[in-house]
>>> print(open('structure_16.cif').read())   # mmCIF, C-alpha atoms and all ligand atoms
data_my_file
#
loop_
_atom_site.label_atom_id
_atom_site.label_comp_id
_atom_site.auth_asym_id
_atom_site.auth_seq_id
_atom_site.Cartn_x
_atom_site.Cartn_y
_atom_site.Cartn_z
CA MET E 288 -7.82 -28.22 22.48
CA LYS E 289 -7.52 -31.01 19.96
CA ILE E 290 -10.52 -33.30 20.15
CA ASP E 291 -9.73 -35.90 17.50
CA ASN E 292 -6.73 -37.34 15.69
CA LYS E 293 -6.88 -34.96 12.77
CA VAL E 294 -3.67 -33.19 11.80
CA ARG E 295 -4.04 -29.52 12.55
CA ALA E 296 -2.25 -26.51 11.05
CA VAL E 297 -2.06 -22.83 11.95
CA VAL E 298 -2.26 -20.86 8.69
CA LEU E 299 -1.13 -17.23 8.58
CA PHE E 300 -4.18 -15.39 7.37
CA SER E 301 -4.40 -11.96 5.79
CA GLY E 302 -7.91 -12.25 4.37
CA GLY E 303 -6.42 -12.10 0.87
CA LEU E 304 -7.07 -14.81 -1.70
CA ASP E 305 -3.70 -16.58 -1.29
CA SER E 306 -4.15 -17.16 2.42
CA ILE E 307 -7.71 -18.38 1.86
CA LEU E 308 -6.45 -20.78 -0.81
CA ALA E 309 -3.68 -22.07 1.48
CA CYS E 310 -6.40 -22.97 3.99
CA LYS E 311 -8.54 -24.62 1.32
CA VAL E 312 -5.71 -26.73 -0.12
CA LEU E 313 -5.00 -28.11 3.35
CA GLN E 314 -8.65 -28.58 4.27
CA GLU E 315 -9.14 -30.51 1.03
CA GLN E 316 -6.80 -33.21 2.28
CA GLY E 317 -8.52 -33.47 5.63
CA ILE E 318 -6.28 -31.17 7.65
CA ASP E 319 -7.93 -29.12 10.36
CA VAL E 320 -7.08 -25.47 9.77
CA ILE E 321 -6.97 -22.57 12.19
CA ALA E 322 -6.32 -19.27 10.46
CA LEU E 323 -4.22 -16.81 12.47
CA GLN E 324 -5.06 -13.20 11.68
CA CYS E 325 -2.39 -10.86 13.08
CA ILE E 326 -3.50 -7.26 13.41
CA THR E 327 -1.74 -3.92 13.97
CA PRO E 328 -2.88 -0.34 13.26
CA PHE E 329 -1.07 -0.78 9.93
CA PHE E 330 -3.24 -3.64 8.73
CA ASN E 331 -6.57 -5.26 9.58
CA TYR E 332 -7.05 -3.26 12.79
CA GLN E 333 -10.73 -2.67 11.99
CA ILE E 334 -11.29 -6.32 12.98
CA LYS E 335 -10.74 -5.25 16.59
CA GLU E 336 -14.02 -3.32 16.53
CA ASP E 337 -15.94 -6.59 16.47
CA GLU E 338 -13.77 -9.70 16.43
CA GLU E 339 -16.70 -12.03 16.87
CA ALA E 340 -18.60 -10.66 13.90
CA TRP E 341 -15.46 -10.86 11.78
CA ALA E 342 -14.77 -14.46 12.80
CA LYS E 343 -18.36 -15.42 11.99
CA GLN E 344 -18.12 -13.77 8.60
CA ILE E 345 -14.95 -15.74 7.71
CA GLU E 346 -16.50 -18.95 9.00
CA ASP E 347 -19.70 -18.38 6.99
CA LYS E 348 -17.96 -17.30 3.80
CA TYR E 349 -15.05 -19.72 3.67
CA ASN E 350 -15.68 -22.32 6.39
CA ILE E 351 -12.44 -21.34 8.12
CA ALA E 352 -11.98 -21.04 11.90
CA THR E 353 -9.87 -18.06 13.00
CA VAL E 354 -7.81 -16.67 15.85
CA VAL E 355 -7.03 -12.94 16.04
CA LEU E 356 -3.82 -11.67 17.62
CA ASP E 357 -2.96 -8.00 18.17
CA ILE E 358 0.81 -7.87 17.66
CA THR E 359 1.20 -4.07 17.79
CA ASP E 360 3.69 -3.87 20.69
CA ASP E 361 6.17 -6.34 19.21
CA TYR E 362 5.59 -4.90 15.76
CA LEU E 363 6.56 -1.40 16.86
CA LYS E 364 9.73 -2.71 18.48
CA MET E 365 10.64 -4.50 15.26
CA LEU E 366 9.79 -1.44 13.15
CA LYS E 367 12.44 0.65 14.92
CA LYS E 368 15.17 -1.38 13.27
CA PRO E 369 14.05 -4.33 11.16
CA PRO E 370 17.08 -6.61 10.69
CA HIS E 371 16.20 -7.23 7.04
CA GLY E 372 15.42 -3.62 6.20
CA PHE E 373 12.52 -1.99 4.41
CA GLY E 374 10.88 -2.45 1.04
CA ARG E 375 10.14 0.48 -1.24
CA TYR E 376 8.41 2.47 1.50
CA PHE E 377 8.27 1.83 5.27
CA ASN E 378 7.27 -1.81 4.82
CA PRO E 379 9.54 -4.28 6.61
CA CYS E 380 8.00 -7.24 4.76
CA ILE E 381 10.59 -9.88 5.62
CA ASP E 382 10.65 -9.09 9.34
CA CYS E 383 6.87 -8.68 9.32
CA LYS E 384 6.52 -12.26 8.06
CA ILE E 385 9.15 -13.48 10.52
CA LEU E 386 7.29 -11.88 13.42
CA MET E 387 3.95 -13.35 12.38
CA ILE E 388 5.43 -16.83 12.04
CA LYS E 389 7.03 -16.46 15.48
CA LYS E 390 3.60 -15.56 16.82
CA ALA E 391 2.10 -18.61 15.13
CA LEU E 392 4.82 -20.77 16.68
CA SER E 393 4.06 -19.34 20.11
CA ILE E 394 0.40 -20.42 19.96
CA MET E 395 0.82 -23.58 17.89
CA GLU E 396 1.11 -25.99 20.80
CA ASP E 397 -1.84 -24.52 22.69
CA LEU E 398 -3.95 -24.91 19.57
CA GLY E 399 -2.88 -28.52 19.15
CA ALA E 400 -1.34 -27.82 15.75
CA SER E 401 1.58 -29.75 14.23
CA PHE E 402 2.81 -27.15 11.75
CA ILE E 403 2.41 -23.67 10.31
CA ALA E 404 1.42 -22.78 6.76
CA THR E 405 1.36 -19.55 4.74
CA GLY E 406 -0.13 -18.46 1.44
CA GLU E 407 3.25 -17.37 0.08
CA VAL E 408 3.94 -18.02 -3.60
CA ILE E 409 7.50 -18.13 -4.80
CA GLY E 410 8.36 -15.20 -7.07
CA GLN E 411 5.15 -13.31 -6.36
CA ARG E 412 6.63 -10.39 -4.46
CA PRO E 413 10.04 -8.85 -5.12
CA MET E 414 11.15 -8.57 -1.50
CA SER E 415 9.57 -11.22 0.63
CA GLN E 416 8.74 -14.10 -1.70
CA ARG E 417 12.01 -14.81 -3.51
CA ARG E 418 13.46 -18.29 -3.02
CA ASP E 419 16.28 -16.99 -0.81
CA THR E 420 13.98 -14.84 1.33
CA LEU E 421 11.50 -17.66 1.83
CA ARG E 422 14.44 -19.60 3.22
CA ILE E 423 15.56 -16.69 5.44
CA ILE E 424 12.03 -16.24 6.79
CA GLU E 425 11.89 -19.92 7.74
CA ARG E 426 15.33 -19.85 9.37
CA ASP E 427 15.02 -16.55 11.27
CA SER E 428 11.53 -17.24 12.58
CA GLY E 429 12.77 -20.46 14.14
CA ALA E 430 10.20 -22.46 12.15
CA GLU E 431 12.61 -24.77 10.33
CA GLY E 432 10.89 -28.06 9.63
CA LEU E 433 7.56 -26.63 10.79
CA LEU E 434 6.68 -24.30 7.93
CA LEU E 435 4.76 -25.30 4.81
CA ARG E 436 3.86 -23.18 1.77
CA PRO E 437 1.01 -25.24 0.28
CA LEU E 438 0.56 -23.04 -2.81
CA CYS E 439 4.13 -23.44 -4.06
CA ALA E 440 5.38 -26.46 -2.07
CA LYS E 441 6.14 -28.45 -5.22
CA ASN E 442 8.58 -25.75 -6.30
CA LEU E 443 10.43 -26.07 -3.00
CA LYS E 444 12.33 -28.93 -1.38
CA PRO E 445 10.08 -31.34 0.54
CA THR E 446 9.68 -30.22 4.14
CA LEU E 447 9.84 -32.40 7.24
CA ILE E 448 6.06 -31.99 7.40
CA GLU E 449 5.72 -33.72 4.03
CA GLU E 450 8.41 -36.30 4.77
CA GLN E 451 6.68 -37.28 8.01
CA GLY E 452 3.44 -37.78 6.09
CA LEU E 453 1.50 -35.07 7.94
CA VAL E 454 0.49 -33.75 4.53
CA ASP E 455 0.33 -35.38 1.11
CA ARG E 456 2.86 -33.52 -1.06
CA SER E 457 1.24 -34.80 -4.24
CA ARG E 458 -1.88 -32.76 -3.37
CA LEU E 459 0.02 -29.52 -2.77
CA LEU E 460 0.52 -26.93 -5.54
CA ALA E 461 3.31 -25.57 -7.71
CA LEU E 462 2.31 -21.95 -8.21
CA SER E 463 4.98 -19.35 -8.95
CA GLY E 464 5.35 -15.80 -10.20
CA ARG E 465 3.21 -12.72 -10.21
CA GLY E 466 0.34 -13.96 -12.39
CA ARG E 467 -3.03 -14.42 -10.75
CA LYS E 468 -4.72 -16.67 -13.31
CA GLU E 469 -4.21 -19.90 -11.41
CA GLN E 470 -5.35 -18.34 -8.16
CA MET E 471 -8.51 -17.10 -9.87
CA ALA E 472 -9.17 -20.59 -11.25
CA LEU E 473 -8.67 -22.07 -7.78
CA ALA E 474 -11.03 -19.48 -6.32
CA ARG E 475 -13.68 -20.67 -8.77
CA LYS E 476 -12.95 -24.29 -7.93
CA TYR E 477 -13.48 -23.64 -4.21
CA SER E 478 -16.47 -21.32 -4.89
CA ILE E 479 -14.69 -18.36 -3.34
CA ILE E 480 -16.35 -15.40 -4.97
CA ASP E 481 -15.89 -12.61 -2.50
CA TYR E 482 -12.30 -11.77 -1.51
CA PRO E 483 -10.22 -8.58 -1.24
CA SER E 484 -7.92 -7.42 -4.05
CA PRO E 485 -4.29 -8.59 -3.89
CA ALA E 486 -3.07 -5.00 -3.31
CA GLY E 487 -3.93 -5.62 0.34
CA GLY E 488 -4.58 -3.11 3.04
CA CYS E 489 -1.15 -2.55 4.57
CA VAL E 490 -0.58 1.18 4.97
CA LEU E 491 3.16 0.69 5.55
CA ALA E 492 3.39 0.33 1.78
CA ASP E 493 1.45 3.55 1.13
CA PRO E 494 3.82 6.28 -0.13
CA ILE E 495 2.31 9.15 1.91
CA LEU E 496 1.26 7.37 5.09
CA SER E 497 4.49 5.39 5.35
CA GLU E 498 6.51 8.61 5.26
CA ARG E 499 4.28 10.07 7.97
CA PHE E 500 4.79 7.01 10.19
CA ARG E 501 8.53 7.20 9.64
CA ILE E 502 8.61 10.84 10.76
CA LEU E 503 6.41 10.29 13.81
CA LEU E 504 8.32 7.21 14.96
CA SER E 505 11.60 9.07 14.60
CA MET E 506 10.29 11.93 16.75
CA TRP E 507 8.79 10.01 19.67
CA ASP E 508 9.78 6.71 21.28
CA ASP E 509 6.37 5.99 22.79
CA VAL E 510 4.16 6.15 19.69
CA ASP E 511 1.21 3.79 20.27
CA ALA E 512 -1.77 2.34 18.43
CA ASN E 513 -3.95 5.41 18.96
CA ASP E 514 -1.18 7.67 17.55
CA LEU E 515 -0.91 5.44 14.50
CA LEU E 516 -4.65 5.55 13.90
CA LEU E 517 -4.58 9.32 14.31
CA ALA E 518 -1.76 9.46 11.76
CA GLN E 519 -4.09 7.84 9.21
CA THR E 520 -6.82 10.46 9.57
CA GLY E 521 -6.87 14.04 8.26
CA ARG E 522 -4.19 16.58 7.35
CA HIS E 523 -1.10 16.65 9.56
CA PHE E 524 1.03 19.57 10.70
CA LEU E 525 3.98 20.23 12.96
CA LEU E 526 3.52 23.50 14.81
CA GLU E 527 5.89 25.34 17.17
CA GLY E 528 7.84 23.05 19.48
CA GLU E 529 7.06 20.08 17.21
CA SER E 530 3.45 20.15 18.41
CA TRP E 531 1.40 17.68 16.34
CA PHE E 532 -1.83 19.10 14.92
CA VAL E 533 -4.38 17.19 12.87
CA VAL E 534 -7.30 18.68 10.91
CA GLY E 535 -10.18 16.60 9.55
CA ARG E 536 -10.88 16.78 5.81
CA ASN E 537 -14.55 15.81 5.89
CA GLN E 538 -17.36 14.84 8.22
CA ALA E 539 -16.26 11.21 8.45
CA GLU E 540 -12.73 12.23 9.43
CA ASN E 541 -14.02 14.77 11.94
CA SER E 542 -16.04 12.05 13.68
CA LYS E 543 -13.06 9.71 13.61
CA LEU E 544 -10.82 12.38 15.14
CA VAL E 545 -13.33 12.96 17.93
CA ASP E 546 -13.37 9.19 18.62
CA LEU E 547 -9.57 9.12 18.80
CA VAL E 548 -9.24 12.05 21.21
CA ARG E 549 -7.60 11.01 24.48
CA THR E 550 -6.58 12.61 27.77
CA GLY E 551 -4.20 15.50 27.21
CA ASP E 552 -5.38 16.26 23.66
CA LEU E 553 -6.75 19.67 22.77
CA VAL E 554 -9.71 19.95 20.39
CA LEU E 555 -10.17 23.10 18.31
CA GLN E 556 -13.24 24.21 16.35
CA TYR E 557 -14.44 27.35 14.57
CA LYS E 558 -17.00 28.92 16.89
CA ALA E 559 -19.37 30.63 14.46
CA GLY E 560 -20.11 27.92 11.98
CA PRO E 561 -19.38 24.55 10.45
CA GLY E 562 -15.81 23.60 9.94
CA PRO E 563 -13.26 20.90 10.57
CA VAL E 564 -12.19 19.42 13.90
CA GLY E 565 -8.57 20.06 14.88
CA VAL E 566 -6.76 17.86 17.39
CA MET E 567 -3.47 18.88 19.03
CA ARG E 568 -1.33 16.21 20.66
CA ARG E 569 2.24 15.96 21.98
CA TYR E 570 2.39 19.75 22.12
CA MET E 571 4.85 22.09 23.79
CA ASN E 572 3.92 24.00 26.92
CA PRO E 573 2.15 26.39 26.54
CA PRO E 574 0.45 24.87 23.49
CA PRO E 575 0.64 26.93 20.27
CA VAL E 576 -3.14 27.47 20.11
CA GLN E 577 -2.85 30.78 18.23
CA GLN E 578 -0.95 29.12 15.43
CA ALA E 579 -3.33 26.12 15.44
CA ALA E 580 -6.38 28.41 15.32
CA SER E 581 -5.05 30.30 12.28
CA LEU E 582 -4.34 27.02 10.58
CA LEU E 583 -7.79 25.61 11.33
CA LEU E 584 -9.46 28.78 10.01
CA ARG E 585 -7.75 28.21 6.67
CA TYR E 586 -10.26 25.38 6.21
CA CYS E 587 -13.31 27.39 7.38
CA LYS E 588 -15.44 29.90 5.50
CA VAL E 589 -13.65 32.92 6.94
CA PRO E 590 -12.41 35.76 4.68
CA ALA E 591 -8.68 36.57 4.75
CA GLY E 592 -7.73 39.40 7.13
CA GLN E 593 -10.84 38.98 9.31
CA LEU E 594 -10.59 37.92 12.95
CA ALA E 595 -12.60 34.85 13.91
CA GLU E 596 -13.11 32.91 17.13
CA VAL E 597 -11.84 29.39 17.64
CA VAL E 598 -12.92 27.35 20.67
CA VAL E 599 -10.27 25.26 22.41
CA LYS E 600 -11.61 22.30 24.43
CA ASP E 601 -9.98 19.56 26.48
CA SER E 602 -10.44 15.85 25.79
CA LYS E 603 -13.67 15.85 27.84
CA HIS E 604 -15.13 18.56 25.60
CA GLN E 605 -14.83 21.20 28.31
CA GLU E 606 -14.12 24.65 26.91
CA ILE E 607 -10.70 25.96 27.97
CA GLN E 608 -10.40 29.17 26.02
CA ILE E 609 -11.46 31.15 22.96
CA VAL E 610 -8.73 32.25 20.58
CA ASN E 611 -9.14 35.18 18.18
CA ALA E 612 -7.18 34.55 15.02
CA GLU E 613 -6.89 35.35 11.31
CA ARG E 614 -6.67 32.52 8.85
CA PHE E 615 -3.27 31.55 7.49
CA SER E 616 -2.33 31.89 3.83
CA ALA E 617 -1.92 28.77 1.69
CA GLU E 618 1.88 29.21 1.88
CA ASP E 619 1.84 29.37 5.70
CA VAL E 620 -0.19 26.18 5.81
CA ASP E 621 2.08 24.47 3.32
CA SER E 622 5.20 25.24 5.33
CA LEU E 623 3.74 23.55 8.42
CA MET E 624 2.68 20.30 6.80
CA LEU E 625 4.19 17.18 8.32
CA ASN E 626 4.30 15.63 4.89
CA LYS E 627 2.36 16.32 1.71
CA VAL E 628 -1.07 14.74 1.33
S1 LIG V 701 2.92 -5.43 2.99
FE1 LIG V 701 2.70 -4.93 5.19
S2 LIG V 701 1.57 -6.66 6.07
FE2 LIG V 701 2.37 -7.33 4.08
S3 LIG V 701 4.32 -8.31 4.57
FE3 LIG V 701 4.77 -6.19 4.04
S4 LIG V 701 4.78 -5.09 5.99
FE4 LIG V 701 3.75 -7.06 6.36
#
>>> encode(input="structure_16.cif", output="C-alpha cells")
Amino acid sequence: MKIDNKVRAVVLFSGGLDSILACKVLQEQGIDVIALQCITPFFNYQIKEDEEAWAKQIEDKYNIATVVLDITDDYLKMLKKPPHGFGRYFNPCIDCKILMIKKALSIMEDLGASFIATGEVIGQRPMSQRRDTLRIIERDSGAEGLLLRPLCAKNLKPTLIEEQGLVDRSRLLALSGRGRKEQMALARKYSIIDYPSPAGGCVLADPILSERFRILLSMWDDVDANDLLLAQTGRHFLLEGESWFVVGRNQAENSKLVDLVRTGDLVLQYKAGPGPVGVMRRYMNPPPVQQAASLLLRYCKVPAGQLAEVVVKDSKHQEIQIVNAERFSAEDVDSLMLNKV
C-alpha cells in the first residue's frame, strides 16, 4: 500500500485530543500517519453507523487518514478475565491498550507502516499511564522496539524507532502529568479547535453501566454487541427465571429499543395509550409476561388497582397475546431492578 519512501506509522486513535496531537507531532516531521480507531459497543461504536462519513469528517477536520476496526469479539474474550485486572469500575485499561496495540501490530505490515504510536502521556492516568505500566503494555502487546509515545517520548528511554532514525527524537515532546495546559497550547498551535473532552466516551468506566455489564456478562457466556447496546438503553430488570426486561425512559430510548429488537425478543406496550416500550430477552419458558406487564404499567398513566391491557408482540411486531395486569408498586419495581439507575 505504500506508494513512496515516506516513513509511515499506525497511531492508536480515540478521537480525543492526545491521539490527535500524537498524529500531528509525527506529521509535522514528515511521517505519514494512519490513525487506527478501534471500536466496541463500549466506545466509539456509533462510528459503525457510517464509517465513511466519520472518516471524511476526521480527514476534513484534522487532515488525518483513518482505519476503523471492530474488535468486539476479542474484547469480550479479554473482558472475561483481563490479566492486569480492572480499574475503579469495569474498565480493564491496561489490557484494553494491549489489545489495541496487538491489533495495530496485526495490520501494520499490510498498511506499510514501520512502527506504532499512541497518544499516551506519562503520569496522566493512574492505572494505564504510569511509567511501569507503559513498559508492561509495550512488553505484553509484543510491540517492543515498535512502539513510540510521541507526546512524552523525551521522558522515556529512546526507542529503537528513534535510534534507527525513523523519527527525530529532538522533535518529539516531553509532556507528563495530569495537567492539560500544554495540550491546549498544542491544540492552538495546530489549529485544532473542535475535539471531544478528555473524559472520553468509554462506558466501562461509568459507575452504573459498568456494574450492569459485569452482571450481564457473569450471567451469560454469549453476550454480544446487540446485548451490550441494549444494556445501555432504558431501565433494566431481572424478572422470574432471570428473564431480562428493559423499559424505555423516553421517546428516544423507545425508538432505540425498537431498533435493537431481534429474533426471539418479546415487545410489550400499553394498549390504550402512550407509554414506554418494554423488551424481554433471554427469558425463561414460558416468559413471565404477567410480571413484565405489571412492571411496564408502572410507567404508564394507569391508576393503582385498575386492570389494564398490555400487548405482547414478537420481534416482527406480530401480536402474540394481550395480558391484563395491574401496575406494580414502586417497591415491587425497585426489587426487580438489575442495578440502580
Ligand atoms: S477507559 Fe475504556 S477505552 Fe480507555 S483504556 Fe480504559 S477500558 Fe480502554
>>> closest_residue(input="structure_16.cif", among="E:Ser457, E:Asn611, E:Gln344, E:Thr359", to="Leu594 in chain E", atoms="only C-alpha atoms")
E:Asn611
>>> axis_aligned_box(input="structure_16.cif", around="range 603-615 of chain E", padding_each_side="8 Å", output="lines of an AutoDock Vina configuration file")
center_x = -9.2
center_y = 25.6
center_z = 17.9
size_x = 27.9
size_y = 35.5
size_z = 36.8
>>> closest_residue(input="structure_16.cif", among="E:Val510, E:Cys439, E:Ile502, E:Ile358", to="ligand LIG 701 (chain V)", atoms="all atoms listed in the file")
E:Ile358
>>> residues_near_ligand(input="structure_16.cif", ligand="ligand LIG 701 (chain V)", cutoff="6 Å", atoms="only C-alpha atoms and all ligand atoms", output="PyMOL selection string")
chain E and resi 378-380+383-384+489+491-492
>>> closest_residue(input="structure_16.cif", among="E:Ser401, E:Ser602, E:Gln470, E:Gln519", to="Ser497 in chain E", atoms="all atoms listed in the file")
E:Gln519
>>> closest_residue(input="structure_16.cif", among="E:Tyr586, E:Tyr477, E:Tyr557, E:Tyr362", to="Leu308 in chain E", atoms="all atoms listed in the file")
E:Tyr477
>>> closest_residue(input="structure_16.cif", among="E:Gly374, E:Gly464, E:Pro494, E:Gly303", to="Thr405 in chain E", atoms="all atoms listed in the file")
E:Gly303
>>> closest_residue(input="structure_16.cif", among="E:Gly317, E:Lys348, E:Glu596, E:Ala309", to="Tyr482 in chain E", atoms="all atoms listed in the file")
E:Lys348
>>> residues_around(input="structure_16.cif", residues="range 567-582 of chain E", least_positions_apart="4", cutoff="7 Å", atoms="all atoms listed in the file", output="PyMOL selection string")
chain E and resi 527-533+552-554+597+610+612-615+620
>>> atom_distance(input="structure_16.cif", atom1="CA of Val545 in chain E", atom2="CA of Pro483 in chain E")
29.0 Å
>>> atom_distance(input="structure_16.cif", atom1="CA of Ala461 in chain E", atom2="CA of Asp481 in chain E")
23.7 Å
>>> atom_distance(input="structure_16.cif", atom1="CA of Ala340 in chain E", atom2="CA of Leu299 in chain E")
19.4 Å
>>> residues_around(input="structure_16.cif", residues="range 443-445 of chain E", least_positions_apart="3", cutoff="12 Å", atoms="only C-alpha atoms", output="PyMOL selection string")
chain E and resi 407-410+417-419+421-422+432-440+448-457+459-463
>>> residues_around(input="structure_16.cif", residues="Gln608 in chain E", least_positions_apart="3", cutoff="8 Å", atoms="only C-alpha atoms", output="PyMOL selection string")
chain E and resi 598-600
>>> residues_around(input="structure_16.cif", residues="range 321-327 of chain E", least_positions_apart="5", cutoff="6 Å", atoms="all atoms listed in the file", output="ChimeraX atom specification")
/E:297-300,332,352-359
